[in-house]
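Chemist: You'll find data.csv just under this line, and it carries CSV, C-alpha atoms.
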```csv
chain,number,residue,atom,x,y,z
A,1,MET,CA,16.4,-3.6,-6.9
A,2,HIS,CA,12.9,-3.0,-8.3
A,3,TYR,CA,12.6,-1.2,-11.6
A,4,GLN,CA,9.5,0.2,-13.2
A,5,ASP,CA,8.4,2.0,-16.3
A,6,GLU,CA,6.5,5.3,-15.7
A,7,TYR,CA,4.5,7.5,-18.1
A,8,ILE,CA,3.0,10.8,-17.1
A,9,LEU,CA,0.8,13.1,-19.2
A,10,GLY,CA,-0.4,16.4,-17.7
A,11,MET,CA,-1.9,19.8,-18.5
A,12,GLU,CA,-2.8,23.0,-16.7
A,13,GLN,CA,-5.1,25.8,-17.9
A,14,GLN,CA,-6.2,29.2,-16.6
A,15,ILE,CA,-10.0,29.4,-16.5
A,16,SER,CA,-10.0,33.0,-15.4
A,17,SER,CA,-7.8,35.5,-13.6
A,18,ASN,CA,-8.9,33.8,-10.4
A,19,TYR,CA,-8.9,30.1,-11.1
A,20,ASN,CA,-6.7,27.4,-12.8
A,21,TRP,CA,-7.5,23.8,-13.4
A,22,GLY,CA,-5.4,20.8,-14.5
A,23,ALA,CA,-5.3,17.1,-15.1
A,24,LYS,CA,-2.6,14.4,-15.0
A,25,LEU,CA,-2.5,10.8,-16.2
A,26,THR,CA,0.0,8.4,-14.6
A,27,TYR,CA,0.9,4.9,-15.5
A,28,ARG,CA,3.5,2.7,-13.8
A,29,LYS,CA,4.5,-0.9,-14.5
A,30,LEU,CA,6.9,-2.9,-12.4
A,31,VAL,CA,9.5,-4.4,-14.9
A,32,SER,CA,11.8,-6.3,-12.6
A,33,ALA,CA,12.3,-7.1,-8.9
A,34,ILE,CA,14.5,-9.1,-6.5
A,35,ASP,CA,13.0,-11.5,-4.1
A,36,ASP,CA,13.7,-15.0,-2.8
A,37,THR,CA,12.2,-18.4,-3.8
A,38,CYS,CA,12.2,-21.9,-2.4
A,39,THR,CA,10.4,-23.4,-5.4
A,40,PRO,CA,10.8,-27.2,-5.5
A,41,VAL,CA,13.1,-27.3,-8.6
A,42,LEU,CA,15.8,-25.7,-6.4
A,43,GLY,CA,16.0,-28.9,-4.3
A,44,GLY,CA,15.3,-27.5,-0.9
A,45,ARG,CA,17.3,-24.3,-1.4
A,46,CYS,CA,16.0,-20.8,-0.9
A,47,LEU,CA,17.7,-18.4,-3.3
A,48,THR,CA,17.5,-14.8,-4.5
A,49,PHE,CA,16.1,-14.4,-8.0
A,50,ASN,CA,14.3,-12.1,-10.4
A,51,PRO,CA,10.6,-13.2,-10.4
A,52,GLY,CA,8.6,-13.8,-13.5
A,53,GLN,CA,11.3,-15.0,-15.8
A,54,GLY,CA,14.0,-17.6,-16.2
A,55,ASN,CA,17.0,-17.3,-13.8
A,56,THR,CA,20.6,-18.5,-13.6
A,57,PHE,CA,21.5,-19.9,-10.1
A,58,GLU,CA,24.9,-20.9,-8.7
A,59,PHE,CA,24.8,-24.0,-6.4
A,60,LEU,CA,27.6,-24.6,-3.9
A,61,GLN,CA,29.2,-28.0,-4.4
A,62,PRO,CA,30.7,-30.3,-1.7
A,63,ASP,CA,34.2,-29.4,-2.9
A,64,GLY,CA,33.5,-25.7,-2.5
A,65,SER,CA,33.1,-25.0,-6.2
A,66,LEU,CA,30.0,-23.4,-7.8
A,67,LYS,CA,27.8,-25.0,-10.4
A,68,THR,CA,25.8,-22.7,-12.7
A,69,VAL,CA,22.3,-23.9,-13.5
A,70,TYR,CA,19.6,-22.1,-15.6
A,71,PHE,CA,15.9,-22.7,-15.0
A,72,SER,CA,13.2,-21.4,-17.2
A,73,LYS,CA,10.1,-19.6,-15.9
A,74,GLU,CA,8.2,-22.8,-16.6
A,75,GLN,CA,10.6,-24.9,-14.7
A,76,LEU,CA,10.4,-22.6,-11.7
A,77,GLY,CA,6.6,-22.9,-11.8
A,78,LEU,CA,6.0,-19.3,-11.0
A,79,PRO,CA,3.8,-16.7,-12.8
A,80,ASP,CA,4.8,-13.5,-14.5
A,81,LEU,CA,5.7,-10.6,-12.3
A,82,LYS,CA,2.9,-8.1,-12.2
A,83,ARG,CA,2.3,-4.7,-10.5
A,84,LYS,CA,0.6,-1.9,-12.3
A,85,TYR,CA,-0.6,1.5,-11.2
A,86,TYR,CA,-2.7,4.0,-13.1
A,87,ALA,CA,-4.2,7.3,-11.9
A,88,LEU,CA,-6.2,10.3,-13.1
A,89,ASP,CA,-5.6,13.5,-11.1
A,90,LEU,CA,-7.8,16.5,-11.4
A,91,PHE,CA,-7.5,19.9,-9.6
A,92,LEU,CA,-9.0,23.3,-9.3
A,93,GLU,CA,-6.9,26.1,-7.8
A,94,HIS,CA,-7.4,29.7,-6.7
A,95,PRO,CA,-3.9,31.3,-6.8
A,96,PHE,CA,-3.2,33.7,-3.9
A,97,ALA,CA,-5.3,36.8,-4.4
A,98,ASP,CA,-7.6,38.8,-2.2
A,99,ARG,CA,-5.7,37.5,0.8
A,100,TRP,CA,-6.5,33.8,0.2
A,101,TYR,CA,-5.3,30.7,-1.6
A,102,GLY,CA,-7.2,27.4,-2.2
A,103,ARG,CA,-6.9,24.1,-4.1
A,104,ILE,CA,-9.0,21.0,-4.3
A,105,GLY,CA,-7.9,17.8,-6.0
A,106,TYR,CA,-9.4,14.4,-6.8
A,107,THR,CA,-7.5,11.2,-7.7
A,108,TYR,CA,-8.9,8.1,-9.1
A,109,SER,CA,-6.4,5.2,-9.1
A,110,ARG,CA,-5.9,1.5,-9.2
A,111,ASN,CA,-2.9,-0.4,-7.9
A,112,TYR,CA,-3.0,-4.1,-8.7
A,113,GLY,CA,-0.8,-7.1,-9.3
A,114,ASN,CA,0.7,-10.2,-7.6
A,115,THR,CA,3.4,-8.5,-5.6
A,116,GLU,CA,3.4,-5.5,-3.3
A,117,GLY,CA,7.1,-4.8,-3.5
A,118,GLN,CA,10.1,-5.4,-1.3
A,119,LEU,CA,7.9,-5.7,1.8
A,120,ALA,CA,4.6,-7.5,2.4
A,121,SER,CA,2.2,-5.4,4.6
A,122,ASP,CA,-0.8,-7.7,4.0
A,123,LEU,CA,0.8,-10.3,6.2
A,124,ASP,CA,0.3,-8.0,9.2
A,125,THR,CA,-1.2,-9.7,12.2
A,126,GLY,CA,-0.5,-6.8,14.6
A,127,THR,CA,3.3,-6.7,14.4
A,128,GLY,CA,3.7,-4.7,11.2
A,129,GLY,CA,3.8,-7.3,8.4
A,130,GLN,CA,6.8,-8.9,6.8
A,131,THR,CA,9.7,-6.5,7.0
A,132,ASP,CA,12.7,-8.5,5.8
A,133,VAL,CA,13.5,-6.5,2.6
A,134,SER,CA,13.3,-8.5,-0.7
A,135,ARG,CA,12.6,-11.7,1.3
A,136,THR,CA,8.8,-11.7,1.1
A,137,GLN,CA,6.8,-14.8,1.3
A,138,ASP,CA,5.2,-14.0,-2.1
A,139,TRP,CA,7.4,-16.0,-4.4
A,140,ASP,CA,8.6,-18.8,-2.0
A,141,LEU,CA,6.3,-21.5,-3.4
A,142,PRO,CA,4.1,-21.8,-6.5
A,143,GLN,CA,1.1,-22.5,-4.3
A,144,LEU,CA,1.5,-19.1,-2.6
A,145,MET,CA,1.0,-17.4,-6.0
A,146,VAL,CA,-2.4,-19.0,-6.6
A,147,GLY,CA,-5.0,-16.3,-6.4
A,148,SER,CA,-2.3,-13.7,-5.7
A,149,ASN,CA,-3.3,-11.3,-8.5
A,150,GLY,CA,-5.6,-8.5,-7.4
A,151,LEU,CA,-5.8,-5.1,-5.7
A,152,LEU,CA,-2.7,-4.5,-3.7
A,153,PRO,CA,-2.6,-3.3,-0.1
A,154,ASN,CA,-1.9,0.4,-0.7
A,155,ASN,CA,-4.7,0.7,-3.3
A,156,ARG,CA,-7.1,3.6,-2.5
A,157,THR,CA,-9.4,4.0,-5.4
A,158,HIS,CA,-10.7,7.5,-4.5
A,159,GLN,CA,-8.8,10.4,-2.8
A,160,ILE,CA,-9.9,13.9,-2.2
A,161,LYS,CA,-7.6,16.6,-0.9
A,162,ALA,CA,-8.5,20.3,-0.3
A,163,PHE,CA,-6.3,22.9,1.4
A,164,GLY,CA,-6.0,26.6,1.6
A,165,TYR,CA,-5.2,29.6,3.8
A,166,TYR,CA,-6.3,33.1,4.6
A,167,GLN,CA,-3.8,35.9,5.2
A,168,LEU,CA,-5.7,37.9,7.8
A,169,THR,CA,-2.8,40.4,8.2
A,170,PRO,CA,0.8,40.5,7.1
A,171,GLU,CA,1.6,38.7,10.4
A,172,TRP,CA,-1.3,36.3,10.9
A,173,ARG,CA,-2.3,33.4,8.6
A,174,PHE,CA,-4.9,30.7,9.1
A,175,GLY,CA,-5.2,27.5,7.1
A,176,ALA,CA,-7.0,24.2,6.8
A,177,THR,CA,-6.6,20.9,5.1
A,178,VAL,CA,-9.2,18.2,4.4
A,179,ILE,CA,-8.2,14.7,3.3
A,180,ALA,CA,-10.7,11.9,2.4
A,181,ALA,CA,-9.8,8.5,1.0
A,182,SER,CA,-11.6,5.3,0.2
A,183,GLY,CA,-10.4,2.2,2.1
A,184,ARG,CA,-7.7,-0.4,1.5
A,185,PRO,CA,-8.6,-3.8,0.0
A,186,LYS,CA,-9.6,-6.5,2.5
A,187,ASN,CA,-8.5,-10.2,2.2
A,188,CYS,CA,-9.3,-13.6,3.6
A,189,THR,CA,-6.4,-16.1,3.7
A,190,SER,CA,-6.4,-19.7,4.8
A,191,TYR,CA,-4.7,-23.1,4.4
A,192,TYR,CA,-3.9,-24.6,1.0
A,193,PRO,CA,-6.4,-27.3,-0.2
A,194,THR,CA,-3.8,-30.1,0.2
A,195,ALA,CA,-1.4,-30.6,3.0
A,196,ASP,CA,1.5,-31.5,0.7
A,197,ALA,CA,5.0,-31.9,2.2
A,198,GLY,CA,7.1,-28.7,1.9
A,199,LEU,CA,4.1,-26.3,2.1
A,200,TYR,CA,3.9,-23.7,4.8
A,201,ASN,CA,1.6,-24.9,7.6
A,202,SER,CA,-0.1,-21.6,7.9
A,203,SER,CA,-3.2,-19.6,7.0
A,204,THR,CA,-1.4,-17.5,4.4
A,205,TYR,CA,-2.7,-18.9,1.1
A,206,TRP,CA,-5.2,-17.1,-1.1
A,207,PHE,CA,-8.1,-19.4,0.0
A,208,CYS,CA,-10.9,-18.7,2.5
A,209,GLY,CA,-12.8,-21.1,4.8
A,210,LEU,CA,-11.6,-24.3,6.5
A,211,ALA,CA,-9.5,-26.5,4.2
A,212,GLY,CA,-10.2,-29.7,6.1
A,213,SER,CA,-7.8,-32.4,7.2
A,214,ASP,CA,-6.9,-33.5,3.7
A,215,THR,CA,-7.2,-37.2,4.7
A,216,LYS,CA,-9.4,-39.9,3.4
A,217,PRO,CA,-13.0,-39.9,4.5
A,218,GLY,CA,-13.6,-42.5,7.3
A,219,THR,CA,-10.0,-42.3,8.6
A,220,PRO,CA,-9.4,-41.0,12.2
A,221,GLY,CA,-9.5,-37.3,12.5
A,222,TYR,CA,-11.0,-36.8,9.0
A,223,ALA,CA,-12.7,-33.4,8.5
A,224,ALA,CA,-14.2,-32.2,5.2
A,225,PRO,CA,-13.5,-28.7,3.9
A,226,SER,CA,-16.2,-26.2,5.0
A,227,ALA,CA,-19.0,-25.5,2.6
A,228,ASP,CA,-17.7,-22.0,1.9
A,229,TYR,CA,-14.1,-23.0,1.4
A,230,GLY,CA,-12.6,-21.9,-1.9
A,231,ILE,CA,-10.1,-19.7,-3.7
A,232,SER,CA,-10.1,-16.1,-2.4
A,233,PRO,CA,-8.2,-13.8,-4.7
A,234,ARG,CA,-6.2,-10.9,-3.3
A,235,GLY,CA,-8.4,-7.9,-2.5
A,236,SER,CA,-11.7,-9.7,-3.1
A,237,HIS,CA,-13.4,-9.1,0.3
A,238,GLY,CA,-14.4,-5.5,0.0
A,239,SER,CA,-12.4,-2.7,1.6
A,240,THR,CA,-11.8,-0.9,4.9
A,241,PRO,CA,-13.9,2.2,5.7
A,242,TRP,CA,-13.2,5.6,4.1
A,243,THR,CA,-10.9,7.8,6.2
A,244,TYR,CA,-11.5,11.5,6.8
A,245,GLN,CA,-9.2,14.0,8.3
A,246,LEU,CA,-9.5,17.7,9.0
A,247,ASN,CA,-6.3,19.7,9.9
A,248,LEU,CA,-6.2,23.3,11.0
A,249,ASN,CA,-3.2,25.6,11.5
A,250,VAL,CA,-2.4,29.2,12.5
A,251,ALA,CA,0.9,30.9,11.7
A,252,TYR,CA,2.4,34.1,13.2
A,253,THR,CA,5.2,35.9,11.3
A,254,PRO,CA,6.1,39.0,13.5
A,255,GLY,CA,7.0,42.2,11.7
A,256,TRP,CA,9.5,43.0,14.5
A,257,MET,CA,11.6,40.1,13.3
A,258,ASP,CA,11.5,41.4,9.7
A,259,ASN,CA,9.0,38.6,8.9
A,260,LYS,CA,11.9,36.0,9.0
A,261,LEU,CA,10.6,34.1,12.0
A,262,THR,CA,7.4,32.0,11.6
A,263,LEU,CA,5.7,30.3,14.6
A,264,GLN,CA,3.0,27.8,13.6
A,265,LEU,CA,0.6,25.6,15.5
A,266,ASP,CA,-1.0,22.7,13.6
A,267,ALA,CA,-4.0,20.7,14.9
A,268,ILE,CA,-3.9,17.3,13.2
A,269,ASN,CA,-7.2,15.3,12.9
A,270,VAL,CA,-9.2,18.0,14.7
A,271,LEU,CA,-12.4,15.8,14.7
A,272,ASN,CA,-10.4,12.9,16.3
A,273,ARG,CA,-11.8,10.4,13.8
A,274,GLN,CA,-10.1,7.0,14.4
A,275,THR,CA,-10.9,4.6,11.6
A,276,ALA,CA,-9.7,1.0,11.2
A,277,THR,CA,-7.2,0.7,8.3
A,278,MET,CA,-6.1,-2.9,8.7
A,279,TYR,CA,-7.7,-6.2,9.8
A,280,ASN,CA,-6.5,-9.7,10.7
A,281,TYR,CA,-7.1,-11.6,7.4
A,282,ARG,CA,-6.1,-15.1,8.6
A,283,TYR,CA,-9.3,-17.1,8.6
A,284,SER,CA,-8.1,-20.2,10.3
A,285,SER,CA,-5.8,-21.2,13.2
A,286,ASN,CA,-5.3,-24.6,11.7
A,287,ARG,CA,-6.9,-26.6,8.9
A,288,THR,CA,-10.1,-27.3,10.8
A,289,THR,CA,-10.4,-24.4,13.3
A,290,VAL,CA,-11.6,-20.8,12.7
A,291,ASN,CA,-9.1,-18.2,13.9
A,292,PRO,CA,-10.9,-16.3,16.8
A,293,LEU,CA,-9.0,-13.2,15.8
A,294,TYR,CA,-10.1,-13.2,12.1
A,295,GLY,CA,-11.5,-9.9,11.2
A,296,ARG,CA,-10.1,-8.1,14.2
A,297,GLU,CA,-9.0,-4.5,13.8
A,298,LEU,CA,-5.2,-4.1,13.9
A,299,ASN,CA,-4.4,-0.5,13.0
A,300,TYR,CA,-6.3,2.8,13.2
A,301,THR,CA,-5.7,6.3,11.9
A,302,ASP,CA,-3.8,8.5,14.3
A,303,PRO,CA,-5.8,10.3,17.0
A,304,ARG,CA,-5.9,14.1,17.3
A,305,TYR,CA,-2.5,15.7,18.1
A,306,PHE,CA,-0.9,19.1,17.9
A,307,ARG,CA,2.4,20.2,16.5
A,308,LEU,CA,4.3,23.5,17.2
A,309,THR,CA,7.0,24.5,14.8
A,310,ALA,CA,9.4,27.5,14.5
A,311,ARG,CA,11.2,28.5,11.3
A,312,TYR,CA,13.7,31.2,10.8
A,313,ASP,CA,14.6,32.3,7.2
A,314,PHE,CA,18.1,33.7,6.9
```
As structure tokens - that is how I would like this structure written.
Modeler:
Amino acid sequence: MHYQDEYILGMEQQISSNYNWGAKLTYRKLVSAIDDTCTPVLGGRCLTFNPGQGNTFEFLQPDGSLKTVYFSKEQLGLPDLKRKYYALDLFLEHPFADRWYGRIGYTYSRNYGNTEGQLASDLDTGTGGQTDVSRTQDWDLPQLMVGSNGLLPNNRTHQIKAFGYYQLTPEWRFGATVIAASGRPKNCTSYYPTADAGLYNSSTYWFCGLAGSDTKPGTPGYAAPSADYGISPRGSHGSTPWTYQLNLNVAYTPGWMDNKLTLQLDAINVLNRQTATMYNYRYSSNRTTVNPLYGRELNYTDPRYFRLTARYDF
């Protein structure tokens, strides 16, 4: 289980008979989590634990008994657990009057730390990321946590949402929604500087560039690290483009059904904007070869589509 502290402070105020405004401050801090680790002190075992603190483990013995062993955070060699979110929400609202309703809101937020949660979407290479719940790669090895603190995958610093509707007649209603959001953080991952035994042989460490062969100069197959190779903290390579979406809808509530039936047609992403939201962040195919798919777009916003709904209120 993941547990977090949450603090919310908000207020709303009437500006006039036609308009309201409000503000809200939100702060969340991840307090504890469950994940797995294969850190060397466990002697080749991979066990579930609570990251960022000392843990008690039970080791199965040859005779079938269990041996209880406690390792401090320092012995585990892993950093503190960190995931924090803060946001400021502002809105201006026109309550329903004169046949129309409208509201516009703006959110400034930051979501940062060294663990996304029970899943790891930033490992996506086109198949959806790491989906084994509470078994992410994050805490497996101390080397995987080097450079791991930064903007998390679902961070969107700026978000603007506006929506409203116009009641043309008691039976016909027309509405629109506009959503704009800044992009997700971009990363660059590569191989660890040294090819130590027990490390994952993959381009999933918080480094960018070619790590080189990690052999002595002059030996067969030696390759030096690329000139641009170095630590590449999470979220330090800019962000994906802003996304914009316009949705329109029309609803019909016939009087001959006592206004209990509503038929509604929604047009989602009317302008059909398809923007890349995820890229392949793995810089290298091996320690000395650039991944030809590095930087390739993996996911896009959904194309235009339509939705027809019917609702009957008893």
Chemist: Between A:Leu168, A:Met278, A:Leu90, A:Leu78, which residue has the minimum interatomic distance to Asp138 of chain A, considering only C-alpha atoms?
Modeler: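 For Asp138 of chain A, the nearest of the given residues is A:Leu78.
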Chemist: Could you work out how far atom CA of Pro142 of chain A lies from atom CA of Thr189 of chain A, giving the answer in Å with one decimal?
Modeler: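 Those two atoms sit 15.7 Å apart.
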Chemist: Excluding Phe314 of chain A and any residue of its chain fewer than 5 positions from it, enumerate the residues within 12 Å of it, using all atoms listed in the file, and give them as a list of chain:residue names.
Modeler: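 My reading of the contact set: A:Met257, A:Asp258, A:Asn259, A:Lys260, A:Leu261, A:Thr262.
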Chemist: For a quick check of understanding, using all atoms listed in the file, which of A:Thr204, A:Ser72, A:Thr39, A:Ser148 has the smallest distance to Gly54 of chain A?
Modeler: A:Ser72
Chemist: Which residues come within 12 Å of Ala97 of chain A, counting only C-alpha atoms, excluding same-chain residues fewer than 2 positions away, as a compact mmCIF listing (two decimals) with C-alpha atoms, in the frame of the given file?
Modeler:
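Saved file out-v5.txt follows:
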```txt
# COMPACT_ATOMS: atom_id res chain seq x y z
CA SER A 17 -7.80 35.50 -13.60
CA ASN A 18 -8.90 33.80 -10.40
CA TYR A 19 -8.90 30.10 -11.10
CA GLU A 93 -6.90 26.10 -7.80
CA HIS A 94 -7.40 29.70 -6.70
CA PRO A 95 -3.90 31.30 -6.80
CA ARG A 99 -5.70 37.50 0.80
CA TRP A 100 -6.50 33.80 0.20
CA TYR A 101 -5.30 30.70 -1.60
CA GLY A 102 -7.20 27.40 -2.20
CA GLY A 164 -6.00 26.60 1.60
CA TYR A 165 -5.20 29.60 3.80
CA TYR A 166 -6.30 33.10 4.60
CA GLN A 167 -3.80 35.90 5.20
```
Chemist: Calculated over only C-alpha atoms, which of the candidates A:Tyr192, A:Trp172, A:Trp242, A:Tyr86 has the smallest distance to His158 of chain A?
Modeler: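 Ranked by minimum distance to His158 of chain A, first place goes to A:Trp242.
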Chemist: Which neighbours of segment 209-213 of chain A fall inside 10 Å, counting all atoms listed in the file, when residues of the same chain fewer than 2 positions from it are skipped, and could you give them as a ChimeraX atom specification?
Modeler: /A:188-195,203,207,215-217,221-232,282-291
